[in-house]
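Down below is the structure, laid out as structure tokens.
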Number of protein chains: 2
Amino acid sequence: MGNDKLFLLRAVEIAGNGIQNGGGPFGAVVSKDGKIISEAYNRVVLTSDPTAHAEILAIRQAASFLKSHDLGDCTLYSSCEPCPMCLGAIYWAGIKKVVYSCDRTDAEGAGFSDKLIYEEIMLDPANRKITFLRMTDTGGKEVFRKWDELENKIPY
Amino acid sequence: MGNDKLFLLRAVEIAGNGIQNGGGPFGAVVSKDGKIISEAYNRVVLTSDPTAHAEILAIRQAASFLKSHDLGDCTLYSSCEPCPMCLGAIYWAGIKKVVYSCDRTDAEGAGFSDKLIYEEIMLDPANRKITFLRMTDTGGKEVFRKWDELENKIPY
């Protein structure tokens with residue numbers, strides 16, 4: 001059995017552990033150079049943290065382990081297709097490969113909002129269920145101007 | 001001046017503080033009942049955490065303060081339109097209003113990938129720059145089946 005299947009089976013196993021330990025039914029694993037470097041299950045309710053999805057926690061752990069925000073050489077395995085939040089994190093981390101078992105429609109069947117959030121994110125902010133109010137006269141662009149002028153900054 | 005503008009100006013001020021303190025040029029504030037309950041600037045490079053965007057940190061702090069993953073009565077203020085990761089977090093947290101200054105195009109001009117990630121997220125997984133590999137014969141659905149049968153679970 002190849003590593004992709006082996007590590008994905010581990011992510012699914014961790015999702016099952018999540019249920020047993022009061023977490024949500026999602027598990028994720030990050031690998032580098034053929035070895036698992038982090039594992040996590042969903043802890044949203046356990047830790048009162050709406051961002052504590054399995055993938056976010058596994059990415060944060062892997063970055064902490066590697067002492068870098070750049071996980072460009074890593075692969076992420078997840079028991080379910082990452083939601084938009086986790087997918088965004090995957091892009092910011094520079095991860096180039098994702099292996100998964102269930103998808104957003106399966107997650108919807110289990111009572112989760114992944115599919116709804118994908119649909120909302122594609123809309124113009126003005127057309128979403130959440131109210132989006134833009135106030136351009138508040139100096140935001142001036143901050144980017146200062147950033148632009150800053151020397152020796154580390155891109156991310 | 002109304003609270004919306006006042007709190008957004010504070011988020012922009014925090015973004016400026018971020019630059020001065022080695023953080024990224026983004027600031028966010030969460031308010032509840034007319035008061036600010038959390039503030040943060042981007043700490044991705046400072047903490048080697050690709051998920052440490054201003055909005056994510058402000059949401060995590062607010063949830064920790066309220067001891068709940070549900071921020072349904074809160075408003076988020078951000079110096080820039082939230083990226084897809086942060087927007088996902090906003091939906092998961094149940095936040096119903098977002099006030100912001102710059103948008104994804106301004107962020108792109110400052111060298112950030114927000115707009116690119118929005119474009120990628122809208123694509124079918126098979127068409128993205130990141131490799132997405134689905135393996136359905138790995139037991140993922142069985143975990144959701146167990147979750148479905150679980151009694152007394154807390155929805156999130």
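Each chain of the structure tokens is named A, B, ... in the order shown, its residues numbered from 1; ligands are numbered from 1 in display order.
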| request: Identify, on the basis of only C-alpha atoms, every residue whose closest approach to Thr138 (chain A) does not exceed 6 Å; exclude the query and any residue fewer than 2 positions from it along the same chain; express the result as JSON, numbers by chain. | output: {"A": [136, 140], "B": [9]}
| query | Within 7 Å of chain A, which residues of chain B show up when using only C-alpha atoms, listed as JSON, numbers by chain? | reply | {"B": [9, 12, 15, 16, 19, 25, 44, 45, 48, 49, 50, 51, 60, 63, 64, 67, 68, 69, 79, 80, 84, 85, 86, 87, 88, 89, 91, 92, 93, 96, 97, 98, 99, 100, 101, 102, 110, 117, 122, 130, 131, 132, 133, 134, 135, 136, 138, 139, 140, 141, 143, 144, 147, 148]}
| query | Could you write out, as a ChimeraX atom specification, all the residues of chain A that DSSP marks as helix (DSSP H, G or I)? | reply | /A:3-20,44-47,54-66,84-93,104-109,114-122,125-127,140-149
Please, could you write that set of residues out with C-alpha atoms as a PDB file, in the first residue's frame?
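The file below, again-v8.pdb, is the result:
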ATOM      1  CA  ASN A   3       1.921   6.212   1.593  1.00  0.00           C
ATOM      2  CA  ASP A   4      -0.994   8.258   0.214  1.00  0.00           C
ATOM      3  CA  LYS A   5      -3.508   5.570   1.125  1.00  0.00           C
ATOM      4  CA  LEU A   6      -1.743   4.685   4.390  1.00  0.00           C
ATOM      5  CA  PHE A   7      -1.692   8.294   5.617  1.00  0.00           C
ATOM      6  CA  LEU A   8      -5.278   8.915   4.512  1.00  0.00           C
ATOM      7  CA  LEU A   9      -6.400   5.805   6.419  1.00  0.00           C
ATOM      8  CA  ARG A  10      -4.619   7.288   9.462  1.00  0.00           C
ATOM      9  CA  ALA A  11      -6.489  10.599   9.012  1.00  0.00           C
ATOM     10  CA  VAL A  12      -9.781   8.671   8.893  1.00  0.00           C
ATOM     11  CA  GLU A  13      -8.773   6.690  12.003  1.00  0.00           C
ATOM     12  CA  ILE A  14      -8.079   9.975  13.828  1.00  0.00           C
ATOM     13  CA  ALA A  15     -11.512  11.274  12.786  1.00  0.00           C
ATOM     14  CA  GLY A  16     -12.980   8.206  14.518  1.00  0.00           C
ATOM     15  CA  ASN A  17     -10.844   8.917  17.590  1.00  0.00           C
ATOM     16  CA  GLY A  18     -12.274  12.450  17.524  1.00  0.00           C
ATOM     17  CA  ILE A  19     -15.810  11.132  17.972  1.00  0.00           C
ATOM     18  CA  GLN A  20     -14.713   8.914  20.865  1.00  0.00           C
ATOM     19  CA  VAL A  44     -14.263  23.161  17.874  1.00  0.00           C
ATOM     20  CA  VAL A  45     -16.605  22.260  20.720  1.00  0.00           C
ATOM     21  CA  LEU A  46     -13.901  20.785  22.990  1.00  0.00           C
ATOM     22  CA  THR A  47     -11.868  24.014  22.986  1.00  0.00           C
ATOM     23  CA  ALA A  54      -8.650  19.099  12.037  1.00  0.00           C
ATOM     24  CA  GLU A  55      -6.763  20.584   9.065  1.00  0.00           C
ATOM     25  CA  ILE A  56      -6.123  23.958  10.758  1.00  0.00           C
ATOM     26  CA  LEU A  57      -4.767  22.224  13.867  1.00  0.00           C
ATOM     27  CA  ALA A  58      -2.608  19.813  11.851  1.00  0.00           C
ATOM     28  CA  ILE A  59      -1.213  22.723   9.781  1.00  0.00           C
ATOM     29  CA  ARG A  60      -0.476  24.805  12.895  1.00  0.00           C
ATOM     30  CA  GLN A  61       1.257  21.832  14.545  1.00  0.00           C
ATOM     31  CA  ALA A  62       3.307  21.058  11.444  1.00  0.00           C
ATOM     32  CA  ALA A  63       4.383  24.718  11.102  1.00  0.00           C
ATOM     33  CA  SER A  64       5.328  24.819  14.772  1.00  0.00           C
ATOM     34  CA  PHE A  65       7.339  21.596  14.364  1.00  0.00           C
ATOM     35  CA  LEU A  66       9.148  22.909  11.272  1.00  0.00           C
ATOM     36  CA  PRO A  84     -13.143  26.928   2.544  1.00  0.00           C
ATOM     37  CA  MET A  85     -11.437  28.018   5.792  1.00  0.00           C
ATOM     38  CA  CYS A  86      -9.096  25.028   5.736  1.00  0.00           C
ATOM     39  CA  LEU A  87      -8.582  25.282   1.982  1.00  0.00           C
ATOM     40  CA  GLY A  88      -7.518  28.901   2.444  1.00  0.00           C
ATOM     41  CA  ALA A  89      -5.070  27.792   5.145  1.00  0.00           C
ATOM     42  CA  ILE A  90      -3.680  25.140   2.773  1.00  0.00           C
ATOM     43  CA  TYR A  91      -2.946  27.827   0.154  1.00  0.00           C
ATOM     44  CA  TRP A  92      -1.383  30.202   2.687  1.00  0.00           C
ATOM     45  CA  ALA A  93       0.804  27.348   3.965  1.00  0.00           C
ATOM     46  CA  ARG A 104     -18.519  18.536   0.895  1.00  0.00           C
ATOM     47  CA  THR A 105     -21.767  16.764  -0.041  1.00  0.00           C
ATOM     48  CA  ASP A 106     -21.032  13.929   2.410  1.00  0.00           C
ATOM     49  CA  ALA A 107     -20.278  16.581   5.079  1.00  0.00           C
ATOM     50  CA  GLU A 108     -23.602  18.271   4.337  1.00  0.00           C
ATOM     51  CA  GLY A 109     -25.336  14.914   4.809  1.00  0.00           C
ATOM     52  CA  ASP A 114     -19.118  23.163   4.222  1.00  0.00           C
ATOM     53  CA  LYS A 115     -21.161  23.197   1.008  1.00  0.00           C
ATOM     54  CA  LEU A 116     -23.167  26.255   2.063  1.00  0.00           C
ATOM     55  CA  ILE A 117     -19.977  28.171   2.878  1.00  0.00           C
ATOM     56  CA  TYR A 118     -18.463  27.245  -0.515  1.00  0.00           C
ATOM     57  CA  GLU A 119     -21.585  28.668  -2.163  1.00  0.00           C
ATOM     58  CA  GLU A 120     -21.477  31.864  -0.062  1.00  0.00           C
ATOM     59  CA  ILE A 121     -17.773  32.506  -0.716  1.00  0.00           C
ATOM     60  CA  MET A 122     -18.343  32.502  -4.468  1.00  0.00           C
ATOM     61  CA  PRO A 125     -19.914  40.268  -0.663  1.00  0.00           C
ATOM     62  CA  ALA A 126     -23.085  42.329  -1.190  1.00  0.00           C
ATOM     63  CA  ASN A 127     -25.119  39.202  -2.017  1.00  0.00           C
ATOM     64  CA  GLY A 140      -6.805  51.039   5.151  1.00  0.00           C
ATOM     65  CA  LYS A 141      -4.861  51.803   1.974  1.00  0.00           C
ATOM     66  CA  GLU A 142      -2.410  53.980   3.928  1.00  0.00           C
ATOM     67  CA  VAL A 143      -1.374  50.863   5.907  1.00  0.00           C
ATOM     68  CA  PHE A 144      -0.606  48.981   2.679  1.00  0.00           C
ATOM     69  CA  ARG A 145       1.382  52.024   1.505  1.00  0.00           C
ATOM     70  CA  LYS A 146       3.521  51.848   4.656  1.00  0.00           C
ATOM     71  CA  TRP A 147       3.973  48.100   4.150  1.00  0.00           C
ATOM     72  CA  ASP A 148       5.063  48.723   0.566  1.00  0.00           C
ATOM     73  CA  GLU A 149       7.745  51.162   1.761  1.00  0.00           C
TER      74      GLU A 149
END
| Between A:Pro82, A:Asn152, A:Cys74, A:Arg128, which is the closest to Val30 (chain A) once you count only C-alpha atoms? |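 Comparing A:Pro82, A:Asn152, A:Cys74, A:Arg128 against Val30 (chain A), the winner is A:Cys74.
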